[in-house]
>>> print(open('final-v2.cif').read())   # mmCIF, C-alpha atoms
data_upload
loop_
_atom_site.group_PDB
_atom_site.id
_atom_site.type_symbol
_atom_site.label_atom_id
_atom_site.label_comp_id
_atom_site.auth_asym_id
_atom_site.auth_seq_id
_atom_site.Cartn_x
_atom_site.Cartn_y
_atom_site.Cartn_z
ATOM 1 C CA MET A 208 -3.055 31.660 -10.258
ATOM 2 C CA ALA A 209 -0.033 29.751 -8.963
ATOM 3 C CA THR A 210 -2.006 28.873 -5.850
ATOM 4 C CA ALA A 211 -4.778 27.297 -7.957
ATOM 5 C CA ALA A 212 -2.252 25.192 -9.847
ATOM 6 C CA ARG A 213 -0.534 24.144 -6.620
ATOM 7 C CA THR A 214 -3.867 23.301 -4.995
ATOM 8 C CA ARG A 215 -4.878 21.191 -7.996
ATOM 9 C CA SER A 216 -1.478 19.465 -7.978
ATOM 10 C CA ILE A 217 -1.716 18.563 -4.285
ATOM 11 C CA TYR A 218 -5.318 17.379 -4.673
ATOM 12 C CA ARG A 219 -4.345 15.088 -7.551
ATOM 13 C CA ALA A 220 -1.326 13.778 -5.627
ATOM 14 C CA LEU A 221 -3.605 12.901 -2.704
ATOM 15 C CA LEU A 222 -5.978 11.053 -5.020
ATOM 16 C CA ARG A 223 -3.071 9.111 -6.541
ATOM 17 C CA GLU A 224 -2.039 7.882 -3.099
ATOM 18 C CA LEU A 225 -5.482 6.526 -2.289
ATOM 19 C CA PRO A 226 -6.164 2.888 -3.186
ATOM 20 C CA PRO A 227 -7.605 2.473 -6.686
ATOM 21 C CA ARG A 228 -11.363 2.000 -6.974
ATOM 22 C CA PRO A 229 -12.246 0.444 -10.325
ATOM 23 C CA ALA A 230 -15.537 1.642 -11.835
ATOM 24 C CA GLN A 231 -17.198 2.490 -8.546
ATOM 25 C CA PRO A 232 -18.718 5.750 -7.394
ATOM 26 C CA ARG A 233 -16.585 8.072 -5.324
ATOM 27 C CA SER A 234 -15.968 7.018 -1.756
ATOM 28 C CA MET A 235 -16.760 9.263 1.177
ATOM 29 C CA LEU A 236 -13.060 10.113 1.436
ATOM 30 C CA HIS A 237 -12.929 11.227 -2.211
ATOM 31 C CA THR A 238 -16.050 13.319 -1.717
ATOM 32 C CA LYS A 239 -14.732 14.920 1.487
ATOM 33 C CA LEU A 240 -11.370 15.734 -0.141
ATOM 34 C CA ARG A 241 -13.123 17.328 -3.091
ATOM 35 C CA GLU A 242 -15.356 19.401 -0.816
ATOM 36 C CA THR A 243 -12.368 20.526 1.247
ATOM 37 C CA PHE A 244 -10.386 21.649 -1.775
ATOM 38 C CA THR A 245 -13.287 23.367 -3.559
ATOM 39 C CA SER A 246 -15.289 24.890 -0.693
ATOM 40 C CA ASN A 247 -12.910 27.648 0.287
ATOM 41 C CA THR A 248 -9.648 29.176 -0.809
ATOM 42 C CA PRO A 249 -6.885 27.178 0.886
ATOM 43 C CA THR A 250 -4.333 29.036 2.962
ATOM 44 C CA GLU A 251 -0.602 28.592 2.601
ATOM 45 C CA LYS A 252 -0.561 26.678 5.886
ATOM 46 C CA SER A 253 -3.276 24.239 4.809
ATOM 47 C CA LEU A 254 -1.505 23.660 1.474
ATOM 48 C CA ALA A 255 1.744 22.950 3.330
ATOM 49 C CA GLN A 256 -0.063 20.462 5.582
ATOM 50 C CA ALA A 257 -1.661 18.752 2.584
ATOM 51 C CA ASP A 258 1.729 18.583 0.881
ATOM 52 C CA GLN A 259 3.224 16.966 4.002
ATOM 53 C CA LEU A 260 0.381 14.447 4.006
ATOM 54 C CA VAL A 261 1.153 13.552 0.381
ATOM 55 C CA GLN A 262 4.833 13.062 1.227
ATOM 56 C CA TYR A 263 3.912 10.887 4.219
ATOM 57 C CA LEU A 264 1.575 8.701 2.151
ATOM 58 C CA GLN A 265 4.232 8.285 -0.547
ATOM 59 C CA ALA A 266 6.810 7.296 2.069
ATOM 60 C CA GLN A 267 4.407 4.769 3.622
ATOM 61 C CA ARG A 268 3.705 3.202 0.218
ATOM 62 C CA GLN A 269 7.430 2.948 -0.496
ATOM 63 C CA TYR A 270 8.082 1.474 2.960
ATOM 64 C CA VAL A 271 5.497 -1.282 2.417
ATOM 65 C CA THR A 272 7.005 -2.047 -0.984
ATOM 66 C CA LEU A 273 10.501 -2.357 0.494
ATOM 67 C CA VAL A 274 9.363 -4.515 3.418
ATOM 68 C CA GLU A 275 7.616 -6.898 1.007
ATOM 69 C CA ARG A 276 10.653 -7.001 -1.279
ATOM 70 C CA TYR A 277 13.264 -7.683 1.401
ATOM 71 C CA ASN A 278 11.158 -9.964 3.621
ATOM 72 C CA PRO A 279 9.544 -12.331 1.120
ATOM 73 C CA GLY A 280 8.650 -14.968 3.725
ATOM 74 C CA MET A 281 6.782 -12.533 5.910
ATOM 75 C CA ASN A 282 3.313 -13.586 4.725
ATOM 76 C CA MET A 283 4.034 -17.335 4.532
ATOM 77 C CA ASP A 284 3.020 -19.935 7.047
ATOM 78 C CA GLU A 285 5.714 -21.822 8.952
ATOM 79 C CA GLU A 286 5.520 -24.973 6.810
ATOM 80 C CA GLU A 287 6.013 -23.110 3.558
ATOM 81 C CA ARG A 288 8.894 -21.094 5.011
ATOM 82 C CA VAL A 289 10.684 -24.284 6.160
ATOM 83 C CA ARG A 290 10.135 -25.936 2.765
ATOM 84 C CA LEU A 291 11.566 -22.945 0.902
ATOM 85 C CA THR A 292 14.517 -22.691 3.292
ATOM 86 C CA ALA A 293 15.347 -26.332 2.649
ATOM 87 C CA ARG A 294 15.069 -25.760 -1.100
ATOM 88 C CA ARG A 295 17.446 -22.807 -0.823
ATOM 89 C CA VAL A 296 20.230 -25.090 0.435
ATOM 90 C CA GLY A 297 19.451 -27.826 -2.108
ATOM 91 C CA MET A 298 17.279 -30.147 -0.045
ATOM 92 C CA ASP A 299 13.701 -31.334 -0.400
ATOM 93 C CA LEU A 300 11.603 -32.103 2.628
ATOM 94 C CA PRO A 301 10.384 -35.687 2.914
ATOM 95 C CA ILE A 302 6.787 -36.413 1.974
ATOM 96 C CA GLU A 303 4.706 -36.753 5.105
ATOM 97 C CA TYR A 304 2.046 -39.455 5.354
ATOM 98 C CA GLN A 305 -1.001 -39.501 7.572
ATOM 99 C CA ASN A 306 -2.155 -42.589 9.479
ATOM 100 C CA ASP A 307 -4.370 -43.842 6.650
ATOM 101 C CA GLY A 308 -1.488 -43.874 4.168
ATOM 102 C CA GLU A 309 -2.421 -40.732 2.180
ATOM 103 C CA LYS A 310 0.014 -37.922 1.534
ATOM 104 C CA ALA A 311 -0.421 -34.958 3.817
#
>>> encode(input="final-v2.cif", output="structure tokens")
Amino acid sequence: MATAARTRSIYRALLRELPPRPAQPRSMLHTKLRETFTSNTPTEKSLAQADQLVQYLQAQRQYVTLVERYNPGMNMDEEERVRLTARRVGMDLPIEYQNDGEKA
């Protein structure tokens, strides 16, 4: 009975780590996971491997969160990064004009 509870717990943990799918039918990955966990009685080794996979996916999610938090300019283009760096030290960049006199 403890194995059934552990299997269910690992299965749910795997589903939590997958990206959310709002109001859509199950993906192929969801279907394959369900088939794998319901088709046969899992062995202790396969449960340990699934548990390691859950831990890996959790660590990857946390890593991405930390990289985004501590490197906020990572996804910005060069112009925006320069503008924000200037603002950080109390300066504003000058307004650039194109040849026809309009602001760029």
>>> axis_aligned_box(input="final-v2.cif", around="segment 220-231 of chain A", padding_each_side="4 Å", output="lines of an AutoDock Vina configuration file")
center_x = -9.3
center_y = 7.1
center_z = -7.1
size_x = 23.9
size_y = 21.3
size_z = 17.5
>>> resolve_selection(input="final-v2.cif", expression="the PyMOL selection byres ((chain A and resi 259-271) around 8)", output="ChimeraX atom specification")
/A:217,220-221,224,255-258,272-275
>>> atom_distance(input="final-v2.cif", atom1="atom CA of Leu300 of chain A", atom2="atom CA of Glu285 of chain A")
13.4 Å
>>> atom_distance(input="final-v2.cif", atom1="atom CA of Ala230 of chain A", atom2="atom CA of Arg215 of chain A")
22.6 Å
>>> closest_residue(input="final-v2.cif", among="A:Arg276, A:Val296, A:Ala211, A:Leu291", to="Thr245 of chain A", atoms="only C-alpha atoms")
A:Ala211
>>> build_atoms(input="final-v2.cif", residues="segment 255-279 of chain A", atoms="N, CA, C and O atoms", output="mmCIF file, keeping the file's coordinate frame")
data_model
loop_
_atom_site.group_PDB
_atom_site.id
_atom_site.type_symbol
_atom_site.label_atom_id
_atom_site.label_comp_id
_atom_site.auth_asym_id
_atom_site.auth_seq_id
_atom_site.Cartn_x
_atom_site.Cartn_y
_atom_site.Cartn_z
ATOM 1 N N ALA A 255 0.515 23.572 2.835
ATOM 2 C CA ALA A 255 1.744 22.950 3.330
ATOM 3 C C ALA A 255 1.420 21.662 4.080
ATOM 4 O O ALA A 255 2.121 20.652 3.937
ATOM 5 N N GLN A 256 0.344 21.665 4.868
ATOM 6 C CA GLN A 256 -0.063 20.462 5.582
ATOM 7 C C GLN A 256 -0.493 19.366 4.613
ATOM 8 O O GLN A 256 -0.151 18.195 4.794
ATOM 9 N N ALA A 257 -1.234 19.734 3.587
ATOM 10 C CA ALA A 257 -1.661 18.752 2.584
ATOM 11 C C ALA A 257 -0.456 18.187 1.842
ATOM 12 O O ALA A 257 -0.408 16.988 1.554
ATOM 13 N N ASP A 258 0.515 19.042 1.561
ATOM 14 C CA ASP A 258 1.729 18.583 0.881
ATOM 15 C C ASP A 258 2.504 17.607 1.772
ATOM 16 O O ASP A 258 3.018 16.590 1.294
ATOM 17 N N GLN A 259 2.572 17.883 3.063
ATOM 18 C CA GLN A 259 3.224 16.966 4.002
ATOM 19 C C GLN A 259 2.487 15.628 4.053
ATOM 20 O O GLN A 259 3.117 14.569 4.140
ATOM 21 N N LEU A 260 1.169 15.675 4.006
ATOM 22 C CA LEU A 260 0.381 14.447 4.006
ATOM 23 C C LEU A 260 0.692 13.613 2.769
ATOM 24 O O LEU A 260 0.848 12.390 2.855
ATOM 25 N N VAL A 261 0.806 14.258 1.618
ATOM 26 C CA VAL A 261 1.153 13.552 0.381
ATOM 27 C C VAL A 261 2.523 12.894 0.518
ATOM 28 O O VAL A 261 2.689 11.717 0.176
ATOM 29 N N GLN A 262 3.493 13.626 1.044
ATOM 30 C CA GLN A 262 4.833 13.062 1.227
ATOM 31 C C GLN A 262 4.812 11.883 2.194
ATOM 32 O O GLN A 262 5.478 10.871 1.973
ATOM 33 N N TYR A 263 4.028 11.979 3.261
ATOM 34 C CA TYR A 263 3.912 10.887 4.219
ATOM 35 C C TYR A 263 3.301 9.650 3.561
ATOM 36 O O TYR A 263 3.793 8.533 3.737
ATOM 37 N N LEU A 264 2.224 9.834 2.808
ATOM 38 C CA LEU A 264 1.575 8.701 2.151
ATOM 39 C C LEU A 264 2.496 8.045 1.123
ATOM 40 O O LEU A 264 2.524 6.815 0.997
ATOM 41 N N GLN A 265 3.271 8.844 0.404
ATOM 42 C CA GLN A 265 4.232 8.285 -0.547
ATOM 43 C C GLN A 265 5.307 7.481 0.178
ATOM 44 O O GLN A 265 5.678 6.388 -0.268
ATOM 45 N N ALA A 266 5.793 8.002 1.297
ATOM 46 C CA ALA A 266 6.810 7.296 2.069
ATOM 47 C C ALA A 266 6.266 5.985 2.628
ATOM 48 O O ALA A 266 6.953 4.959 2.618
ATOM 49 N N GLN A 267 5.022 5.991 3.108
ATOM 50 C CA GLN A 267 4.407 4.769 3.622
ATOM 51 C C GLN A 267 4.271 3.713 2.528
ATOM 52 O O GLN A 267 4.535 2.539 2.757
ATOM 53 N N ARG A 268 3.852 4.136 1.339
ATOM 54 C CA ARG A 268 3.705 3.202 0.218
ATOM 55 C C ARG A 268 5.061 2.609 -0.147
ATOM 56 O O ARG A 268 5.187 1.397 -0.362
ATOM 57 N N GLN A 269 6.090 3.434 -0.171
ATOM 58 C CA GLN A 269 7.430 2.948 -0.496
ATOM 59 C C GLN A 269 7.947 2.016 0.594
ATOM 60 O O GLN A 269 8.578 0.995 0.308
ATOM 61 N N TYR A 270 7.672 2.328 1.849
ATOM 62 C CA TYR A 270 8.082 1.474 2.960
ATOM 63 C C TYR A 270 7.469 0.079 2.835
ATOM 64 O O TYR A 270 8.160 -0.937 2.988
ATOM 65 N N VAL A 271 6.170 0.011 2.562
ATOM 66 C CA VAL A 271 5.497 -1.282 2.417
ATOM 67 C C VAL A 271 6.095 -2.065 1.258
ATOM 68 O O VAL A 271 6.332 -3.276 1.366
ATOM 69 N N THR A 272 6.388 -1.386 0.161
ATOM 70 C CA THR A 272 7.005 -2.047 -0.984
ATOM 71 C C THR A 272 8.356 -2.638 -0.618
ATOM 72 O O THR A 272 8.668 -3.781 -0.965
ATOM 73 N N LEU A 273 9.175 -1.879 0.105
ATOM 74 C CA LEU A 273 10.501 -2.357 0.494
ATOM 75 C C LEU A 273 10.430 -3.509 1.496
ATOM 76 O O LEU A 273 11.203 -4.464 1.404
ATOM 77 N N VAL A 274 9.513 -3.433 2.448
ATOM 78 C CA VAL A 274 9.363 -4.515 3.418
ATOM 79 C C VAL A 274 8.962 -5.802 2.701
ATOM 80 O O VAL A 274 9.500 -6.874 2.977
ATOM 81 N N GLU A 275 8.030 -5.711 1.757
ATOM 82 C CA GLU A 275 7.616 -6.898 1.007
ATOM 83 C C GLU A 275 8.756 -7.440 0.151
ATOM 84 O O GLU A 275 8.911 -8.649 0.011
ATOM 85 N N ARG A 276 9.561 -6.566 -0.413
ATOM 86 C CA ARG A 276 10.653 -7.001 -1.279
ATOM 87 C C ARG A 276 11.756 -7.697 -0.489
ATOM 88 O O ARG A 276 12.282 -8.728 -0.900
ATOM 89 N N TYR A 277 12.133 -7.152 0.659
ATOM 90 C CA TYR A 277 13.264 -7.683 1.401
ATOM 91 C C TYR A 277 12.895 -8.690 2.487
ATOM 92 O O TYR A 277 13.770 -9.245 3.138
ATOM 93 N N ASN A 278 11.631 -8.937 2.687
ATOM 94 C CA ASN A 278 11.158 -9.964 3.621
ATOM 95 C C ASN A 278 10.115 -10.832 2.923
ATOM 96 O O ASN A 278 8.944 -10.815 3.279
ATOM 97 N N PRO A 279 10.525 -11.603 1.914
ATOM 98 C CA PRO A 279 9.544 -12.331 1.120
ATOM 99 C C PRO A 279 8.781 -13.397 1.896
ATOM 100 O O PRO A 279 7.663 -13.727 1.541
#
